[in-house]
Amino acid sequence: MRYLLNFSYDGSSFNGYQSQTTHDTIQDKIQDALKILLKEKIIIYASGRTDRGVHAYNQYAHFDSKNEIIDVGKFLYSLNALVAPNIFFKSCRLVADNFHARFDAKSKTYVYLINYEKYDVFAKNNAFFYHYSLDFIKLGEALELFKGKHNFKNFTAKEDDENDYIRTIFRVEYKEIKDNLIAIIFEGEGFMRYMVRMMVMNVLEFASNRLDISQIKRRLDTQENLKTNYKAPSLGLYLYDVQY
């Protein structure tokens with residue numbers, strides 16, 4: 001039987017999502033808990049891995065088990081008790097045997113939180129503090145550049161020998177959460193390593209008059225090696241949702 005988990009996590013205390021032999025990871029923590037509950041070795045397959053320090057509002061992962069989960073509420077309660085306090089499971093449901101949490105995803109939404117200009121002590125662990133004031137007209141102008149289908153070769157740490165850099169971004173926008181705190185939202189078919197963080201930092205540098213927009217345009221839609229040196233830190237990035 002195949003099950004799909006929906007869960008959130010604070011990534012700041014983990015060395016990323018993906019299982020490693022020498023570090024504490026989110027995947028390891030969950031698999032250890034599932035092994036205790038289901039009394040069998042379990043491997044989970046997520047919608048995608050997140051880097052060290054990155055958070056998730058809604059991550060999804062599927063797993064196979066020979067055991068039927070009859071009381072889902074009790075199962076989730078026990079699972080949360082084993083992994084608390086940095087991971088929280090919201091739901092678990094039976095899915096088709098051929099369902100895949102990664103390959104069946106139609107789009108993903110990432111949110112990046114920015115505390116700008118005036119420091120907010122209550123945002124220090126979950127938002128990037130950017131020292132400068134922002135021109136929001138420029139911010140919107142730069143974000144529009146990334147909408148649609150583009151070659152993002154210069155906005156990822158993906159290796160050069162992998163030549164598939166084309167991605168489609170369906171929605172890009174920013175929202176003011178409160179004074180000096182904004183969220184930048186990206187929804188797309190998929191994202192490469194550091195891609196969101198690199199786009200965010202380029203946009204911030206332009207919106208604070210520290211970068212010319214022509215430099216962003218030159219890096220986009222080209223096979224020329226013009227990789228950006230700008231990358232926002234991981235603590236402000238959240239996998240917000242996955243659409244199936």
# chains A, B, ... in the order shown; residues from 1 in each chain; ligands from 1
call {"tool": "closest_atom_pairs", "arguments": {"of": "segment 37-142 of chain A", "to": "segment 169-183 of chain A", "cutoff": "7 Å", "atoms": "only C-alpha atoms", "output": "Markdown table"}}
result
| residue | atom | partner | partner_atom | distance |
| --- | --- | --- | --- | --- |
| A:Val111 | CA | A:Ala183 | CA | 6.2 |
| A:Tyr112 | CA | A:Ala183 | CA | 5.4 |
| A:Leu113 | CA | A:Ala183 | CA | 4.6 |
| A:Ile114 | CA | A:Ile182 | CA | 5.3 |
| A:Asn115 | CA | A:Leu181 | CA | 4.5 |
| A:Tyr116 | CA | A:Asn180 | CA | 5.2 |
| A:Glu117 | CA | A:Asn180 | CA | 6.6 |
| A:Lys118 | CA | A:Asn180 | CA | 6.3 |
call {"tool": "residues_around", "arguments": {"residues": "Val83 of chain A", "least_positions_apart": "3", "cutoff": "12 Å", "atoms": "only C-alpha atoms", "output": "ChimeraX atom specification"}}
result
/A:7-10,25-34,36-37,76-80,86-89
call {"tool": "write_last_selection", "arguments": {"atoms": "N, CA, C and O atoms", "output": "short mmCIF file (atom, residue, chain, number, x, y, z; two decimals), in the first residue's frame"}}
result
data_model
loop_
_atom_site.label_atom_id
_atom_site.label_comp_id
_atom_site.auth_asym_id
_atom_site.auth_seq_id
_atom_site.Cartn_x
_atom_site.Cartn_y
_atom_site.Cartn_z
N PHE A 7 3.35 17.38 5.41
CA PHE A 7 3.95 17.83 6.66
C PHE A 7 4.69 19.15 6.47
O PHE A 7 4.99 19.58 5.35
N SER A 8 4.96 19.81 7.58
CA SER A 8 5.73 21.04 7.59
C SER A 8 6.95 20.85 8.48
O SER A 8 6.97 19.95 9.33
N TYR A 9 7.94 21.70 8.30
CA TYR A 9 9.12 21.62 9.16
C TYR A 9 9.89 22.93 9.20
O TYR A 9 9.85 23.73 8.28
N ASP A 10 10.55 23.11 10.33
CA ASP A 10 11.51 24.18 10.52
C ASP A 10 12.88 23.58 10.19
O ASP A 10 13.38 22.73 10.92
N THR A 25 19.13 14.65 9.23
CA THR A 25 18.32 15.23 8.17
C THR A 25 16.84 14.96 8.42
O THR A 25 16.47 14.09 9.22
N ILE A 26 16.00 15.69 7.71
CA ILE A 26 14.55 15.54 7.85
C ILE A 26 14.12 14.14 7.40
O ILE A 26 13.32 13.47 8.06
N GLN A 27 14.64 13.68 6.27
CA GLN A 27 14.28 12.36 5.77
C GLN A 27 14.65 11.27 6.77
O GLN A 27 13.85 10.36 7.04
N ASP A 28 15.84 11.36 7.35
CA ASP A 28 16.27 10.37 8.34
C ASP A 28 15.34 10.35 9.55
O ASP A 28 14.96 9.29 10.05
N LYS A 29 15.02 11.55 10.02
CA LYS A 29 14.16 11.66 11.21
C LYS A 29 12.79 11.02 10.97
O LYS A 29 12.27 10.28 11.82
N ILE A 30 12.22 11.26 9.81
CA ILE A 30 10.90 10.72 9.50
C ILE A 30 10.96 9.21 9.30
O ILE A 30 10.11 8.46 9.80
N GLN A 31 11.96 8.75 8.56
CA GLN A 31 12.07 7.31 8.31
C GLN A 31 12.30 6.53 9.61
O GLN A 31 11.76 5.43 9.77
N ASP A 32 13.06 7.09 10.52
CA ASP A 32 13.28 6.43 11.81
C ASP A 32 11.96 6.31 12.58
O ASP A 32 11.68 5.28 13.20
N ALA A 33 11.15 7.38 12.55
CA ALA A 33 9.87 7.36 13.26
C ALA A 33 8.90 6.36 12.63
O ALA A 33 8.20 5.62 13.33
N LEU A 34 8.86 6.33 11.29
CA LEU A 34 7.97 5.39 10.60
C LEU A 34 8.38 3.94 10.86
O LEU A 34 7.52 3.06 10.99
N ILE A 36 9.66 2.77 13.58
CA ILE A 36 9.18 2.44 14.93
C ILE A 36 7.68 2.13 14.91
O ILE A 36 7.22 1.15 15.49
N LEU A 37 6.92 2.96 14.21
CA LEU A 37 5.46 2.80 14.20
C LEU A 37 4.99 1.61 13.38
O LEU A 37 4.08 0.88 13.80
N LEU A 76 -1.12 9.70 13.05
CA LEU A 76 -0.52 11.04 12.98
C LEU A 76 -0.12 11.53 14.36
O LEU A 76 0.94 12.16 14.52
N TYR A 77 -0.95 11.26 15.36
CA TYR A 77 -0.63 11.67 16.74
C TYR A 77 0.69 11.03 17.19
O TYR A 77 1.57 11.69 17.75
N SER A 78 0.82 9.74 16.92
CA SER A 78 2.03 9.01 17.33
C SER A 78 3.25 9.48 16.55
O SER A 78 4.34 9.63 17.11
N LEU A 79 3.06 9.73 15.27
CA LEU A 79 4.16 10.19 14.43
C LEU A 79 4.65 11.56 14.88
O LEU A 79 5.86 11.79 14.99
N ASN A 80 3.73 12.45 15.17
CA ASN A 80 4.11 13.78 15.65
C ASN A 80 4.80 13.72 17.01
O ASN A 80 5.72 14.49 17.28
N ASN A 86 10.21 19.97 15.63
CA ASN A 86 10.59 20.69 14.41
C ASN A 86 9.92 20.19 13.14
O ASN A 86 10.11 20.77 12.07
N ILE A 87 9.16 19.11 13.25
CA ILE A 87 8.41 18.55 12.11
C ILE A 87 6.98 18.33 12.58
O ILE A 87 6.75 17.86 13.70
N PHE A 88 6.02 18.65 11.72
CA PHE A 88 4.62 18.43 12.09
C PHE A 88 3.87 17.82 10.91
O PHE A 88 3.86 18.37 9.81
N PHE A 89 3.23 16.67 11.15
CA PHE A 89 2.47 15.97 10.11
C PHE A 89 1.02 16.41 10.14
O PHE A 89 0.37 16.38 11.19
#
call {"tool": "atom_distance", "arguments": {"atom1": "atom CA of Ala207 of chain A", "atom2": "atom CA of Ala157 of chain A"}}
result
23.3 Å
call {"tool": "select_by_dssp", "arguments": {"residues": "chain A", "states": "alpha helix (DSSP H)", "output": "ChimeraX atom specification"}}
result
/A:26-38,72-83,136-145,195-207,213-219
call {"tool": "closest_atom_pairs", "arguments": {"of": "segment 97-160 of chain A", "to": "segment 55-66 of chain A", "cutoff": "9 Å", "atoms": "only C-alpha atoms", "output": "tab-separated table"}}
result
residue	atom	partner	partner_atom	distance
A:Asp97	CA	A:Asp64	CA	8.4
A:Phe99	CA	A:His62	CA	8.1
A:His100	CA	A:His62	CA	6.8
A:Ala101	CA	A:Ala61	CA	5.5
A:Arg102	CA	A:Ala61	CA	8.0
A:Tyr110	CA	A:Ala56	CA	8.8
A:Asn126	CA	A:His55	CA	8.5
call {"tool": "closest_residue", "arguments": {"among": "A:Lys149, A:Lys158, A:Lys138, A:Lys106", "to": "Phe206 of chain A", "atoms": "only C-alpha atoms"}}
result
A:Lys138
call {"tool": "select_by_dssp", "arguments": {"residues": "segment 11-205 of chain A", "states": "strand (DSSP E or B)", "output": "JSON, numbers by chain"}}
result
{"A": [45, 46, 55, 56, 57, 58, 59, 60, 61, 62, 63, 64, 87, 88, 89, 90, 91, 92, 93, 94, 95, 107, 108, 109, 110, 111, 112, 113, 114, 115, 116, 128, 129, 130, 148, 149, 150, 151, 166, 167, 168, 169, 170, 171, 172, 173, 174, 175, 176, 177, 178, 181, 182, 183, 184, 185, 186, 187, 188]}
call {"tool": "atom_distance", "arguments": {"atom1": "atom CA of Ser214 of chain A", "atom2": "atom CA of Asp164 of chain A"}}
result
24.0 Å
call {"tool": "closest_residue", "arguments": {"among": "A:Thr156, A:Asn163, A:Gln223, A:Ser234", "to": "Met199 of chain A", "atoms": "only C-alpha atoms"}}
result
A:Thr156
call {"tool": "closest_residue", "arguments": {"among": "A:Ala232, A:Ala84, A:Leu204, A:Val242", "to": "Phe191 of chain A", "atoms": "only C-alpha atoms"}}
result
A:Val242
call {"tool": "closest_residue", "arguments": {"among": "A:Ala123, A:Cys92, A:Leu239, A:Ile213", "to": "Gly11 of chain A", "atoms": "only C-alpha atoms"}}
result
A:Leu239
